[in-house]
$ cat upload_31.cif   # mmCIF, C-alpha atoms and all ligand atoms
data_final
#
loop_
_atom_site.label_atom_id
_atom_site.label_comp_id
_atom_site.auth_asym_id
_atom_site.auth_seq_id
_atom_site.Cartn_x
_atom_site.Cartn_y
_atom_site.Cartn_z
CA MET Y 1 -0.88 -17.10 17.25
CA LYS Y 2 -2.54 -20.33 16.29
CA LEU Y 3 -6.13 -21.44 16.01
CA TRP Y 4 -5.13 -24.87 17.36
CA GLY Y 5 -2.57 -26.20 19.79
CA GLY Y 6 -4.66 -27.86 22.50
CA ARG Y 7 -3.53 -31.37 21.58
CA PHE Y 8 0.16 -30.50 21.13
CA LYS Y 9 2.88 -30.86 23.75
CA GLU Y 10 5.79 -29.40 21.84
CA ALA Y 11 6.00 -26.04 20.15
CA GLU Y 12 6.04 -25.99 16.36
CA SER Y 13 9.51 -25.64 14.87
CA LYS Y 14 10.22 -22.19 13.47
CA LEU Y 15 11.17 -23.80 10.21
CA MET Y 16 7.83 -25.58 9.99
CA GLU Y 17 6.00 -22.42 10.97
CA SER Y 18 7.39 -20.41 8.10
CA PHE Y 19 7.14 -23.38 5.70
CA ASN Y 20 3.47 -23.79 6.54
CA SER Y 21 2.45 -20.15 6.58
CA SER Y 22 0.41 -18.86 3.66
CA LEU Y 23 -0.16 -15.35 5.00
CA SER Y 24 2.32 -13.71 2.64
CA PHE Y 25 0.08 -14.61 -0.29
CA ASP Y 26 -3.38 -15.45 1.06
CA LYS Y 27 -3.55 -11.94 2.47
CA ASN Y 28 -4.98 -11.22 -1.00
CA LEU Y 29 -8.14 -12.84 0.33
CA TYR Y 30 -8.76 -10.54 3.31
CA LYS Y 31 -11.90 -8.94 1.84
CA GLN Y 32 -13.47 -12.24 0.84
CA ASP Y 33 -12.57 -13.78 4.19
CA ILE Y 34 -14.19 -10.95 6.15
CA LEU Y 35 -17.28 -10.92 3.95
CA GLY Y 36 -17.69 -14.69 4.35
CA SER Y 37 -17.30 -14.38 8.12
CA ILE Y 38 -19.87 -11.58 8.35
CA VAL Y 39 -22.42 -13.64 6.45
CA HIS Y 40 -21.56 -16.71 8.54
CA ALA Y 41 -22.07 -14.73 11.77
CA LYS Y 42 -25.41 -13.39 10.51
CA MET Y 43 -26.52 -16.92 9.69
CA LEU Y 44 -25.46 -18.20 13.14
CA THR Y 45 -27.52 -15.39 14.67
CA LYS Y 46 -30.52 -16.10 12.47
CA CYS Y 47 -30.37 -19.77 13.45
CA GLY Y 48 -30.15 -18.92 17.16
CA ILE Y 49 -26.64 -20.33 17.52
CA LEU Y 50 -25.39 -16.85 18.47
CA ASN Y 51 -27.63 -14.40 20.30
CA ASN Y 52 -28.35 -11.03 18.67
CA LYS Y 53 -25.85 -9.16 20.80
CA GLU Y 54 -23.07 -11.61 20.04
CA GLY Y 55 -23.90 -11.54 16.35
CA GLU Y 56 -23.87 -7.76 16.25
CA LEU Y 57 -20.57 -7.51 18.12
CA ILE Y 58 -18.92 -9.96 15.76
CA VAL Y 59 -20.23 -8.29 12.60
CA LYS Y 60 -19.20 -4.82 13.87
CA GLY Y 61 -15.78 -6.16 14.86
CA LEU Y 62 -15.26 -7.67 11.41
CA GLU Y 63 -16.37 -4.47 9.71
CA ASN Y 64 -13.90 -2.52 11.81
CA ILE Y 65 -11.10 -4.89 10.88
CA LEU Y 66 -11.92 -4.42 7.20
CA HIS Y 67 -11.83 -0.67 7.68
CA ASP Y 68 -8.53 -0.85 9.59
CA ILE Y 69 -6.93 -2.98 6.88
CA GLU Y 70 -8.14 -0.74 4.08
CA THR Y 71 -6.99 2.44 5.77
CA GLY Y 72 -3.60 0.96 6.65
CA ILE Y 73 -4.19 1.01 10.43
CA LEU Y 74 -3.90 -2.78 10.52
CA LYS Y 75 -1.06 -4.31 8.49
CA ILE Y 76 -1.40 -7.91 7.39
CA ASP Y 77 1.82 -9.47 8.59
CA GLY Y 78 3.29 -11.25 11.57
CA ASP Y 79 3.71 -14.91 12.40
CA TYR Y 80 0.16 -15.99 11.62
CA GLU Y 81 -0.51 -19.25 9.87
CA ASP Y 82 -2.84 -17.74 7.30
CA ILE Y 83 -5.31 -14.94 6.62
CA HIS Y 84 -8.06 -16.81 8.48
CA SER Y 85 -5.97 -16.98 11.68
CA PHE Y 86 -4.98 -13.36 11.23
CA ILE Y 87 -8.54 -12.11 11.04
CA GLU Y 88 -9.93 -14.33 13.77
CA THR Y 89 -7.09 -13.49 16.17
CA ASN Y 90 -7.50 -9.78 15.50
CA LEU Y 91 -11.24 -10.06 15.99
CA ILE Y 92 -10.72 -11.62 19.40
CA LYS Y 93 -8.19 -8.90 20.25
CA LYS Y 94 -10.75 -6.29 19.28
CA ILE Y 95 -14.00 -7.60 20.78
CA GLY Y 96 -12.79 -10.12 23.35
CA ASP Y 97 -14.00 -13.64 24.03
CA VAL Y 98 -17.19 -13.34 22.02
CA GLY Y 99 -14.96 -13.35 18.95
CA LYS Y 100 -14.09 -16.95 19.78
CA LYS Y 101 -17.64 -17.95 18.85
CA LEU Y 102 -17.30 -16.97 15.18
CA HIS Y 103 -15.81 -20.28 14.12
CA THR Y 104 -18.78 -22.33 15.38
CA ALA Y 105 -20.03 -24.67 12.65
CA ARG Y 106 -17.23 -23.75 10.29
CA SER Y 107 -13.79 -25.03 9.34
CA ARG Y 108 -10.95 -23.34 7.57
CA ASN Y 109 -11.58 -25.89 4.85
CA ASP Y 110 -14.96 -24.50 3.81
CA GLN Y 111 -13.75 -21.01 4.68
CA VAL Y 112 -10.81 -21.09 2.28
CA ALA Y 113 -12.87 -22.77 -0.44
CA LEU Y 114 -15.39 -19.95 -0.11
CA ASP Y 115 -12.71 -17.25 -0.15
CA MET Y 116 -11.15 -18.65 -3.31
CA LYS Y 117 -14.52 -18.93 -5.04
CA LEU Y 118 -15.43 -15.35 -4.19
CA TYR Y 119 -12.01 -14.17 -5.33
CA ALA Y 120 -12.15 -16.23 -8.53
CA ARG Y 121 -15.62 -14.92 -9.35
CA GLU Y 122 -14.58 -11.31 -8.89
CA LYS Y 123 -11.42 -11.72 -10.95
CA ALA Y 124 -13.30 -13.56 -13.68
CA GLU Y 125 -15.51 -10.50 -14.02
CA GLU Y 126 -12.46 -8.24 -14.18
CA VAL Y 127 -10.99 -10.35 -16.96
CA ILE Y 128 -14.24 -10.18 -18.92
CA SER Y 129 -14.42 -6.43 -18.63
CA SER Y 130 -10.79 -6.00 -19.66
CA LEU Y 131 -11.38 -8.27 -22.68
CA ASN Y 132 -14.30 -6.03 -23.61
CA LYS Y 133 -11.98 -3.03 -23.56
CA LEU Y 134 -9.42 -4.90 -25.63
CA ASN Y 135 -12.07 -5.69 -28.22
CA ILE Y 136 -12.98 -2.01 -28.41
CA SER Y 137 -9.30 -1.20 -29.11
CA LEU Y 138 -9.20 -3.84 -31.86
CA LYS Y 139 -12.43 -2.56 -33.38
CA ASP Y 140 -11.28 1.08 -33.29
CA LEU Y 141 -7.96 0.23 -34.92
CA GLY Y 142 -9.78 -1.67 -37.68
CA GLU Y 143 -12.29 1.15 -38.23
CA LYS Y 144 -9.53 3.75 -38.37
CA HIS Y 145 -7.90 1.83 -41.23
CA LYS Y 146 -10.89 0.29 -42.86
CA ASP Y 147 -9.71 0.94 -46.41
CA VAL Y 148 -6.40 -0.87 -45.87
CA ILE Y 149 -5.84 -4.12 -47.72
CA MET Y 150 -3.10 -6.58 -46.91
CA PRO Y 151 -2.00 -10.08 -47.80
CA GLY Y 152 -3.71 -12.85 -45.91
CA TYR Y 153 -1.35 -15.73 -45.21
CA THR Y 154 -1.36 -19.48 -44.93
CA HIS Y 155 1.90 -21.23 -44.03
CA LEU Y 156 3.18 -17.65 -43.61
CA GLN Y 157 3.14 -17.44 -47.43
CA ARG Y 158 1.09 -14.72 -49.09
CA ALA Y 159 -2.22 -16.31 -50.02
CA GLN Y 160 -5.14 -14.00 -50.82
CA VAL Y 161 -6.04 -10.39 -50.31
CA ILE Y 162 -7.89 -9.45 -47.11
CA THR Y 163 -8.54 -6.23 -45.23
CA PHE Y 164 -6.55 -5.22 -42.18
CA LYS Y 165 -9.82 -4.66 -40.36
CA TYR Y 166 -10.96 -8.20 -41.11
CA HIS Y 167 -7.67 -9.61 -39.88
CA LEU Y 168 -8.12 -7.81 -36.56
CA SER Y 169 -11.68 -8.97 -36.35
CA SER Y 170 -10.42 -12.59 -36.10
CA TYR Y 171 -8.97 -11.64 -32.73
CA ILE Y 172 -12.20 -9.95 -31.66
CA ASN Y 173 -13.91 -13.29 -32.24
CA MET Y 174 -11.28 -15.19 -30.25
CA PHE Y 175 -11.69 -12.87 -27.28
CA LYS Y 176 -15.48 -13.12 -27.53
CA ARG Y 177 -15.18 -16.89 -27.19
CA ASP Y 178 -12.84 -16.38 -24.24
CA MET Y 179 -15.49 -14.26 -22.53
CA LYS Y 180 -18.09 -16.97 -23.08
CA ARG Y 181 -15.78 -19.59 -21.62
CA ILE Y 182 -15.26 -17.47 -18.52
CA GLU Y 183 -19.01 -16.84 -18.18
CA ASN Y 184 -19.50 -20.57 -18.33
CA ALA Y 185 -16.84 -21.18 -15.66
CA LYS Y 186 -18.53 -18.53 -13.49
CA ASP Y 187 -21.81 -20.32 -13.87
CA ILE Y 188 -20.39 -23.72 -12.90
CA LEU Y 189 -18.54 -22.38 -9.85
CA ASN Y 190 -21.55 -20.52 -8.56
CA GLU Y 191 -22.39 -22.86 -5.65
CA SER Y 192 -21.45 -22.04 -2.08
CA PRO Y 193 -19.10 -24.35 -0.14
CA LEU Y 194 -19.80 -22.56 3.16
CA GLY Y 195 -21.31 -24.96 5.69
CA CYS Y 196 -19.47 -28.06 4.43
CA CYS Y 197 -17.25 -27.44 7.47
CA ALA Y 198 -14.18 -29.69 7.63
CA LEU Y 199 -15.60 -32.40 5.34
CA ALA Y 200 -18.76 -33.72 6.91
CA GLY Y 201 -21.05 -30.80 7.68
CA THR Y 202 -22.02 -30.04 11.26
CA THR Y 203 -24.38 -31.20 14.00
CA TYR Y 204 -25.89 -27.69 14.07
CA TYR Y 205 -28.96 -26.86 12.04
CA ILE Y 206 -27.26 -24.12 10.06
CA ASP Y 207 -28.83 -22.46 7.04
CA ARG Y 208 -26.64 -23.00 3.98
CA GLU Y 209 -29.32 -21.62 1.67
CA PHE Y 210 -29.15 -18.33 3.52
CA THR Y 211 -25.37 -17.96 3.31
CA ALA Y 212 -25.39 -19.05 -0.34
CA LYS Y 213 -28.00 -16.40 -1.24
CA GLU Y 214 -26.32 -13.65 0.78
CA LEU Y 215 -23.03 -14.30 -0.97
CA GLY Y 216 -24.61 -14.28 -4.42
CA PHE Y 217 -24.44 -18.02 -5.12
CA LYS Y 218 -27.20 -19.96 -6.84
CA LYS Y 219 -27.28 -22.61 -4.11
CA PRO Y 220 -25.07 -24.47 -1.65
CA VAL Y 221 -22.93 -27.31 -3.04
CA ASP Y 222 -24.54 -30.76 -2.97
CA ASN Y 223 -21.75 -32.71 -1.32
CA PHE Y 224 -19.66 -31.66 1.70
CA LEU Y 225 -16.51 -33.61 0.78
CA ASP Y 226 -16.57 -32.35 -2.78
CA GLY Y 227 -17.37 -28.83 -1.60
CA VAL Y 228 -14.17 -28.49 0.44
CA SER Y 229 -11.88 -30.23 -2.00
CA ASP Y 230 -13.11 -28.94 -5.35
CA ARG Y 231 -10.59 -26.74 -7.14
CA ASP Y 232 -12.01 -27.35 -10.63
CA TYR Y 233 -13.13 -23.76 -10.89
CA LEU Y 234 -9.54 -22.54 -10.52
CA LEU Y 235 -8.29 -25.03 -13.08
CA GLU Y 236 -11.06 -24.09 -15.45
CA LEU Y 237 -10.38 -20.39 -15.18
CA MET Y 238 -6.63 -20.95 -15.44
CA SER Y 239 -7.23 -22.92 -18.57
CA ASP Y 240 -9.42 -20.10 -19.93
CA PHE Y 241 -6.61 -17.68 -19.05
CA SER Y 242 -4.14 -19.94 -20.87
CA ILE Y 243 -6.31 -19.81 -23.98
CA ILE Y 244 -6.52 -16.01 -23.70
CA MET Y 245 -2.73 -15.88 -23.44
CA MET Y 246 -2.41 -18.18 -26.44
CA HIS Y 247 -4.63 -15.80 -28.42
CA LEU Y 248 -2.65 -12.79 -27.21
CA SER Y 249 0.63 -14.50 -28.08
CA ARG Y 250 -0.56 -15.08 -31.65
CA LEU Y 251 -1.48 -11.42 -31.98
CA CYS Y 252 1.88 -10.46 -30.44
CA GLU Y 253 3.74 -12.66 -32.87
CA GLU Y 254 2.04 -10.91 -35.79
CA ILE Y 255 2.70 -7.49 -34.32
CA ILE Y 256 6.37 -8.41 -33.89
CA LEU Y 257 6.63 -9.73 -37.45
CA TRP Y 258 4.77 -6.77 -38.93
CA SER Y 259 7.07 -4.34 -37.10
CA SER Y 260 10.19 -5.92 -38.59
CA LYS Y 261 11.89 -4.25 -41.54
CA GLU Y 262 11.19 -7.45 -43.49
CA PHE Y 263 7.43 -6.81 -43.30
CA SER Y 264 7.33 -3.13 -42.36
CA PHE Y 265 3.53 -3.13 -42.15
CA ILE Y 266 3.20 -1.26 -38.88
CA GLU Y 267 5.10 0.76 -36.33
CA ILE Y 268 4.35 0.49 -32.62
CA GLY Y 269 4.28 3.81 -30.75
CA ASP Y 270 7.35 4.83 -28.78
CA GLU Y 271 5.31 4.51 -25.58
CA PHE Y 272 5.28 0.73 -25.96
CA SER Y 273 8.72 0.17 -27.49
CA THR Y 274 12.22 0.13 -26.09
CA GLY Y 275 15.71 0.75 -27.40
CA SER Y 276 19.04 -1.01 -27.30
CA SER Y 277 21.91 -0.10 -24.99
CA ILE Y 278 24.43 -0.61 -27.80
CA MET Y 279 22.64 -0.32 -31.16
CA PRO Y 280 21.39 3.25 -31.46
CA GLN Y 281 19.03 2.52 -34.33
CA LYS Y 282 17.01 -0.17 -32.55
CA LYS Y 283 13.34 0.10 -31.69
CA ASN Y 284 12.15 -3.13 -30.16
CA PRO Y 285 8.57 -4.41 -29.71
CA ASP Y 286 9.20 -5.40 -26.07
CA ALA Y 287 5.60 -5.11 -24.92
CA ALA Y 288 4.47 -7.67 -27.48
CA GLU Y 289 7.46 -9.91 -26.74
CA LEU Y 290 6.79 -9.78 -23.01
CA ILE Y 291 3.15 -10.74 -23.44
CA ARG Y 292 4.24 -13.60 -25.72
CA GLY Y 293 6.78 -14.64 -23.11
CA LYS Y 294 4.40 -14.48 -20.17
CA THR Y 295 2.14 -16.98 -21.90
CA GLY Y 296 4.59 -19.60 -20.67
CA ARG Y 297 4.03 -18.87 -17.01
CA VAL Y 298 0.25 -18.90 -17.32
CA TYR Y 299 0.48 -22.34 -18.98
CA GLY Y 300 2.97 -23.37 -16.29
CA ASN Y 301 0.65 -22.37 -13.45
CA LEU Y 302 -2.15 -24.44 -14.97
CA ILE Y 303 0.02 -27.53 -15.30
CA SER Y 304 1.39 -26.98 -11.82
CA LEU Y 305 -2.05 -26.95 -10.18
CA LEU Y 306 -3.32 -29.83 -12.32
CA THR Y 307 -0.34 -31.81 -11.08
CA THR Y 308 -0.91 -30.76 -7.46
CA MET Y 309 -4.51 -31.94 -7.66
CA LYS Y 310 -3.69 -35.21 -9.37
CA ALA Y 311 -4.59 -38.27 -7.27
CA LEU Y 312 -5.38 -36.28 -4.12
CA PRO Y 313 -7.60 -38.38 -1.89
CA LEU Y 314 -10.77 -36.80 -0.50
CA ALA Y 315 -11.30 -34.43 1.09
CA TYR Y 316 -9.10 -31.40 1.97
CA ASN Y 317 -5.32 -31.87 1.84
CA LYS Y 318 -2.77 -29.21 2.59
CA ASP Y 319 -1.40 -29.66 -0.93
CA MET Y 320 -4.29 -27.45 -1.98
CA GLN Y 321 -2.71 -24.44 -0.37
CA GLU Y 322 -0.53 -24.47 -3.50
CA ASP Y 323 -3.54 -23.32 -5.54
CA LYS Y 324 -3.14 -19.73 -4.42
CA GLU Y 325 0.14 -18.47 -5.79
CA ALA Y 326 -0.49 -20.23 -9.08
CA PHE Y 327 -3.98 -18.75 -9.45
CA PHE Y 328 -3.03 -15.26 -8.27
CA ASP Y 329 -0.10 -15.15 -10.66
CA SER Y 330 -2.21 -16.35 -13.58
CA VAL Y 331 -4.92 -13.78 -12.93
CA ASP Y 332 -2.49 -10.90 -12.45
CA THR Y 333 -0.42 -11.83 -15.48
CA THR Y 334 -3.43 -12.28 -17.75
CA LEU Y 335 -5.04 -9.04 -16.62
CA SER Y 336 -1.88 -7.01 -17.12
CA CYS Y 337 -1.22 -8.52 -20.55
CA ILE Y 338 -4.76 -7.75 -21.73
CA LYS Y 339 -4.42 -4.21 -20.46
CA VAL Y 340 -1.04 -3.61 -22.10
CA MET Y 341 -2.33 -4.96 -25.41
CA ALA Y 342 -5.45 -2.76 -25.23
CA GLU Y 343 -3.31 0.31 -24.63
CA MET Y 344 -0.60 -0.53 -27.13
CA LEU Y 345 -2.96 -1.09 -30.09
CA PRO Y 346 -4.06 2.56 -30.46
CA THR Y 347 -0.38 3.62 -30.74
CA ILE Y 348 0.14 1.48 -33.84
CA LYS Y 349 0.87 3.32 -37.11
CA VAL Y 350 -0.28 1.39 -40.15
CA LYS Y 351 1.90 1.54 -43.27
CA LYS Y 352 -0.86 1.24 -45.80
CA GLU Y 353 1.31 1.48 -48.90
CA ASN Y 354 3.66 -1.25 -47.77
CA MET Y 355 0.72 -3.56 -47.12
CA LYS Y 356 -0.69 -2.78 -50.55
CA ASN Y 357 2.68 -3.37 -52.22
CA ALA Y 358 2.91 -6.72 -50.48
CA VAL Y 359 -0.50 -7.58 -51.90
CA LYS Y 360 0.78 -6.87 -55.40
CA LYS Y 361 3.69 -9.25 -55.05
CA GLY Y 362 2.87 -12.88 -54.61
CA PHE Y 363 0.02 -13.53 -57.07
CA LEU Y 364 -2.71 -12.93 -54.50
CA ASN Y 365 -5.24 -12.72 -57.33
CA ALA Y 366 -4.39 -16.15 -58.81
CA THR Y 367 -7.50 -17.72 -57.28
CA GLU Y 368 -9.62 -14.91 -58.73
CA LEU Y 369 -8.10 -15.60 -62.14
CA ALA Y 370 -9.08 -19.25 -61.82
CA ASP Y 371 -12.60 -18.15 -60.79
CA TYR Y 372 -12.69 -15.99 -63.92
CA LEU Y 373 -11.92 -19.02 -66.07
CA VAL Y 374 -14.66 -20.99 -64.30
CA LEU Y 375 -17.08 -18.24 -65.34
CA LYS Y 376 -15.97 -18.92 -68.92
CA GLY Y 377 -17.06 -22.52 -68.53
CA ILE Y 378 -13.75 -24.16 -67.61
CA PRO Y 379 -13.90 -26.72 -64.78
CA PHE Y 380 -12.11 -25.39 -61.70
CA ARG Y 381 -9.44 -28.12 -61.67
CA ASP Y 382 -8.44 -27.26 -65.26
CA ALA Y 383 -8.58 -23.54 -64.49
CA HIS Y 384 -6.24 -24.17 -61.56
CA GLY Y 385 -3.74 -25.82 -63.90
CA ILE Y 386 -3.90 -23.01 -66.45
CA VAL Y 387 -3.36 -20.33 -63.80
CA GLY Y 388 -0.49 -22.34 -62.35
CA ARG Y 389 1.22 -22.18 -65.73
CA ILE Y 390 0.49 -18.44 -65.98
CA VAL Y 391 2.09 -17.89 -62.57
CA LEU Y 392 5.18 -19.77 -63.69
CA TYR Y 393 5.36 -17.57 -66.75
CA CYS Y 394 4.99 -14.44 -64.56
CA GLU Y 395 7.79 -15.58 -62.28
CA ASP Y 396 10.01 -16.10 -65.27
CA LYS Y 397 9.22 -12.63 -66.63
CA ASP Y 398 9.20 -11.01 -63.19
CA LYS Y 399 5.67 -9.66 -63.72
CA SER Y 400 2.45 -9.74 -61.77
CA ILE Y 401 -0.65 -11.29 -63.36
CA GLU Y 402 -2.30 -7.92 -63.94
CA GLU Y 403 0.79 -6.72 -65.78
CA LEU Y 404 0.37 -9.37 -68.49
CA SER Y 405 -1.10 -8.24 -71.80
CA LEU Y 406 -4.14 -9.96 -73.29
CA GLU Y 407 -1.86 -11.53 -75.89
CA GLU Y 408 0.32 -12.97 -73.20
CA LEU Y 409 -2.70 -14.30 -71.30
CA ASN Y 410 -4.27 -15.81 -74.39
CA GLN Y 411 -1.15 -17.87 -75.03
CA PHE Y 412 -2.55 -20.10 -72.32
CA GLY Y 413 -5.90 -20.60 -74.06
CA ASP Y 414 -8.18 -18.18 -75.82
CA TYR Y 415 -10.34 -17.29 -72.81
CA PHE Y 416 -9.38 -13.76 -71.88
CA ASP Y 417 -10.83 -10.36 -72.73
CA PHE Y 418 -10.50 -6.96 -71.05
CA SER Y 419 -12.96 -7.85 -68.32
CA VAL Y 420 -10.23 -10.00 -66.78
CA TYR Y 421 -8.37 -6.97 -65.39
CA GLU Y 422 -11.37 -5.78 -63.45
CA TYR Y 423 -12.03 -9.31 -62.26
CA ILE Y 424 -8.57 -9.74 -60.76
CA ASP Y 425 -8.31 -6.23 -59.32
CA TYR Y 426 -7.52 -6.65 -55.62
CA ASP Y 427 -9.98 -4.09 -54.28
CA LYS Y 428 -12.77 -5.12 -56.64
CA ALA Y 429 -12.34 -8.81 -55.83
CA LEU Y 430 -13.20 -7.93 -52.24
CA LEU Y 431 -16.58 -6.67 -53.38
CA ARG Y 432 -17.55 -9.96 -55.01
CA GLY Y 433 -19.34 -12.94 -53.49
CA ILE Y 434 -19.09 -13.54 -49.78
CA LYS Y 435 -15.78 -11.71 -49.72
CA LYS Y 436 -17.92 -8.63 -49.14
CA GLU Y 437 -18.15 -9.76 -45.52
CA MET Y 438 -14.50 -8.79 -45.11
CA ILE Y 439 -15.15 -5.12 -45.86
N1 LIG Y 501 -4.06 -21.96 4.22
C1 LIG Y 501 -4.91 -23.08 3.99
C2 LIG Y 501 -5.10 -23.23 2.48
O1 LIG Y 501 -4.80 -22.34 1.79
C3 LIG Y 501 -6.24 -22.86 4.63
C4 LIG Y 501 -6.96 -24.10 5.00
C5 LIG Y 501 -6.30 -24.76 6.12
N2 LIG Y 501 -7.00 -25.89 6.55
C6 LIG Y 501 -6.42 -26.81 7.34
N3 LIG Y 501 -7.12 -27.81 7.66
N4 LIG Y 501 -5.19 -26.70 7.70
O2 LIG Y 501 -5.53 -24.25 1.99
#
$ encode --input "upload_31.cif" --output "C-alpha cells" --more "lines below"
Ligand code: ARG
Amino acid sequence: MKLWGGRFKEAESKLMESFNSSLSFDKNLYKQDILGSIVHAKMLTKCGILNNKEGELIVKGLENILHDIETGILKIDGDYEDIHSFIETNLIKKIGDVGKKLHTARSRNDQVALDMKLYAREKAEEVISSLNKLNISLKDLGEKHKDVIMPGYTHLQRAQVITFKYHLSSYINMFKRDMKRIENAKDILNESPLGCCALAGTTYYIDREFTAKELGFKKPVDNFLDGVSDRDYLLELMSDFSIIMMHLSRLCEEIILWSSKEFSFIEIGDEFSTGSSIMPQKKNPDAAELIRGKTGRVYGNLISLLTTMKALPLAYNKDMQEDKEAFFDSVDTTLSCIKVMAEMLPTIKVKKENMKNAVKKGFLNATELADYLVLKGIPFRDAHGIVGRIVLYCEDKDKSIEELSLEELNQFGDYFDFSVYEYIDYDKALLRGIKKEMI
C-alpha cells in the first residue's frame, strides 16, 4: 500500500517498511490531513485543475473517511507508510480512480508541513486555555487565604514577610508570560506551506492565497524550500512548553517543601497524594513530584529535535519525521501537567498559624527596623550595622526583635521609642510604602 513504487524493481524489505512507517504516531494528524486535502481539492476545482464533479466526489469521499474514522468504522492501522498514504489509499478504495487525482500539485512534503502546523496551532490554543484555568486556580487559592502572611525567602533563608496570595501571584505572572510567548509563536507560524509541493512549487497555476485563507493562515509562505523544511514553529513551541514546565517545576518544588514536616505550611488533599507500601504514616506529594520529574522529558524532546534539525541541508529530509513523537509527547505532557496542577491547587489546606510562626522566627522585620532608624535621621548603612548588632544580641538571648524592651533596644543607641513596635509589626509593615501592593 504505497504511494510510489513505479521506479522500483525489488520489493521493500519488511524491516525497512516497519522502520520507515510513521503511521503508529502520525495517525494523530488524521483530522488535519483530511481538512488540508479537502481545501486542496476545493482549490484544484476552483482553478479548473479538477472538474466540479471530480472535486465534489473527492471532498465527499474525504468527509466520509473522517466520519468513518471518528465513529470507529475505519481503524487507522495496517501496513501503510504514513497517515497520508492511509487516507489517500482509503479514498481511492471508496471513490475509485478519481481519488488518484487528489495529489495533483501537492507533495507529502508540503502536506505534512501543513498538518503539523495545523496541529501545532490547535494545541497551542489548548495550552493557552489550560494555562488560563491554572491561573484561575492560583487566583482562587490566593483569594481564599488573602489574610495569610508567610516568610518570603532568598537563598531559601527567611528574608522578609510577604503574603501567601502575593507569592502565588508570582506564578500567575509567569504563566501570563508563557501565554504571550505562545501567542507570539502562533503568530509567527501562521503562514501556509500548502502549495510548496516537494520543494519547488508546481507548473500548475494553483491558488495558494485561497488555501491559506481557507485554512485560517495569514498568507502562504514566501519560499517553497523553506516552507517544506521549516520546523522552527515546533521548536519554538517546545521551548515555550519547556519554560512552562520549568515554571511548574518551581511551583512543585515549593509545594513539596511546604508539605514537609520541616515546613508544614500546607497539606495537599488526599486526592492528589499517595501512600507508602511499607511506612503506614506516609503521605507523599506524588503529583507535584511527577510534574517536576516530567520537566526533564519536555526539555529532552526540545534538545532532541534541535539536534535532529542541526545542519540539515535544504529542503525536506526524512530526519524530520522525528519531529512528531517529540512534539506530541511534549504537548501531551505539558497539557496534563498543567491540568493536574490546576486541579490539585484547590485541594491544598493552608496552615496559617505555622506560616505566621515561621514569620516570627528569623528576624523578618530587621529591614523594617533599619528603615525605622533611617526615619530618625540615621544613614541606611549605619542603620544596617546597628540592626545587625541587635540581631546578634537577639540570637544570644533567644528573642525576637519585637520581644526586646525599649531599654534593651536603646543600648544600641538612644533612638527608640514605643512607636518602634508598631513600625516593625509584620502585618502593619505590609501596609506601608509600596509593600501595600502585596496585599
Ligand atoms: N512521514 C513523513 C514525515 O513525517 C511524511 C513526509 C514524507 N515525505 C517524503 N518525501 N517521504 O515527515
$ residues_near_ligand --input "upload_31.cif" --ligand "ligand LIG 501 (chain Y)" --cutoff "8 Å" --atoms "all atoms listed in the file" --output "list of chain:residue names"
Y:Ser21, Y:Ser22, Y:Leu23, Y:Asp26, Y:Glu81, Y:Asp82, Y:Ile83, Y:His84, Y:Ser107, Y:Arg108, Y:Asn109, Y:Gln111, Y:Val112, Y:Ala113, Y:Ala198, Y:Tyr316, Y:Asn317, Y:Lys318, Y:Asp319, Y:Met320, Y:Gln321, Y:Glu322, Y:Asp323, Y:Lys324
$ write_last_selection --input "upload_31.cif" --atoms "C-alpha atoms" --output "PDB file, keeping the file's coordinate frame"
ATOM      1  CA  SER Y  21       2.450 -20.150   6.580  1.00  0.00           C
ATOM      2  CA  SER Y  22       0.410 -18.860   3.660  1.00  0.00           C
ATOM      3  CA  LEU Y  23      -0.160 -15.350   5.000  1.00  0.00           C
ATOM      4  CA  ASP Y  26      -3.380 -15.450   1.060  1.00  0.00           C
ATOM      5  CA  GLU Y  81      -0.510 -19.250   9.870  1.00  0.00           C
ATOM      6  CA  ASP Y  82      -2.840 -17.740   7.300  1.00  0.00           C
ATOM      7  CA  ILE Y  83      -5.310 -14.940   6.620  1.00  0.00           C
ATOM      8  CA  HIS Y  84      -8.060 -16.810   8.480  1.00  0.00           C
ATOM      9  CA  SER Y 107     -13.790 -25.030   9.340  1.00  0.00           C
ATOM     10  CA  ARG Y 108     -10.950 -23.340   7.570  1.00  0.00           C
ATOM     11  CA  ASN Y 109     -11.580 -25.890   4.850  1.00  0.00           C
ATOM     12  CA  GLN Y 111     -13.750 -21.010   4.680  1.00  0.00           C
ATOM     13  CA  VAL Y 112     -10.810 -21.090   2.280  1.00  0.00           C
ATOM     14  CA  ALA Y 113     -12.870 -22.770  -0.440  1.00  0.00           C
ATOM     15  CA  ALA Y 198     -14.180 -29.690   7.630  1.00  0.00           C
ATOM     16  CA  TYR Y 316      -9.100 -31.400   1.970  1.00  0.00           C
ATOM     17  CA  ASN Y 317      -5.320 -31.870   1.840  1.00  0.00           C
ATOM     18  CA  LYS Y 318      -2.770 -29.210   2.590  1.00  0.00           C
ATOM     19  CA  ASP Y 319      -1.400 -29.660  -0.930  1.00  0.00           C
ATOM     20  CA  MET Y 320      -4.290 -27.450  -1.980  1.00  0.00           C
ATOM     21  CA  GLN Y 321      -2.710 -24.440  -0.370  1.00  0.00           C
ATOM     22  CA  GLU Y 322      -0.530 -24.470  -3.500  1.00  0.00           C
ATOM     23  CA  ASP Y 323      -3.540 -23.320  -5.540  1.00  0.00           C
ATOM     24  CA  LYS Y 324      -3.140 -19.730  -4.420  1.00  0.00           C
TER      25      LYS Y 324
END
$ atom_distance --input "upload_31.cif" --atom1 "atom CA of Y:Arg432" --atom2 "atom CA of Y:Ala358"
21.2 Å
$ residues_around --input "upload_31.cif" --residues "stretch 330-335 of chain Y" --least-positions-apart "3" --cutoff "6 Å" --atoms "all atoms listed in the file" --output "number ranges by chain"
Y: 298, 327, 338
$ atom_distance --input "upload_31.cif" --atom1 "atom CA of Y:Leu364" --atom2 "atom CA of Y:Ile390"
13.1 Å
$ closest_residue --input "upload_31.cif" --among "Y:Asp396, Y:Met246, Y:Lys339, Y:His40" --to "Y:Gly296" --atoms "only C-alpha atoms"
Y:Met246
$ residues_near_point --input "upload_31.cif" --point "(-12.1, -12.8, 18.0)" --cutoff "9 Å" --atoms "all atoms listed in the file" --output "list in words"
Ile58, Gly61, Leu62, Ile87, Glu88, Thr89, Asn90, Leu91, Ile92, Lys93, Lys94, Ile95, Gly96, Asp97, Val98, Gly99, Lys100, Lys101 and Leu102 of chain Y
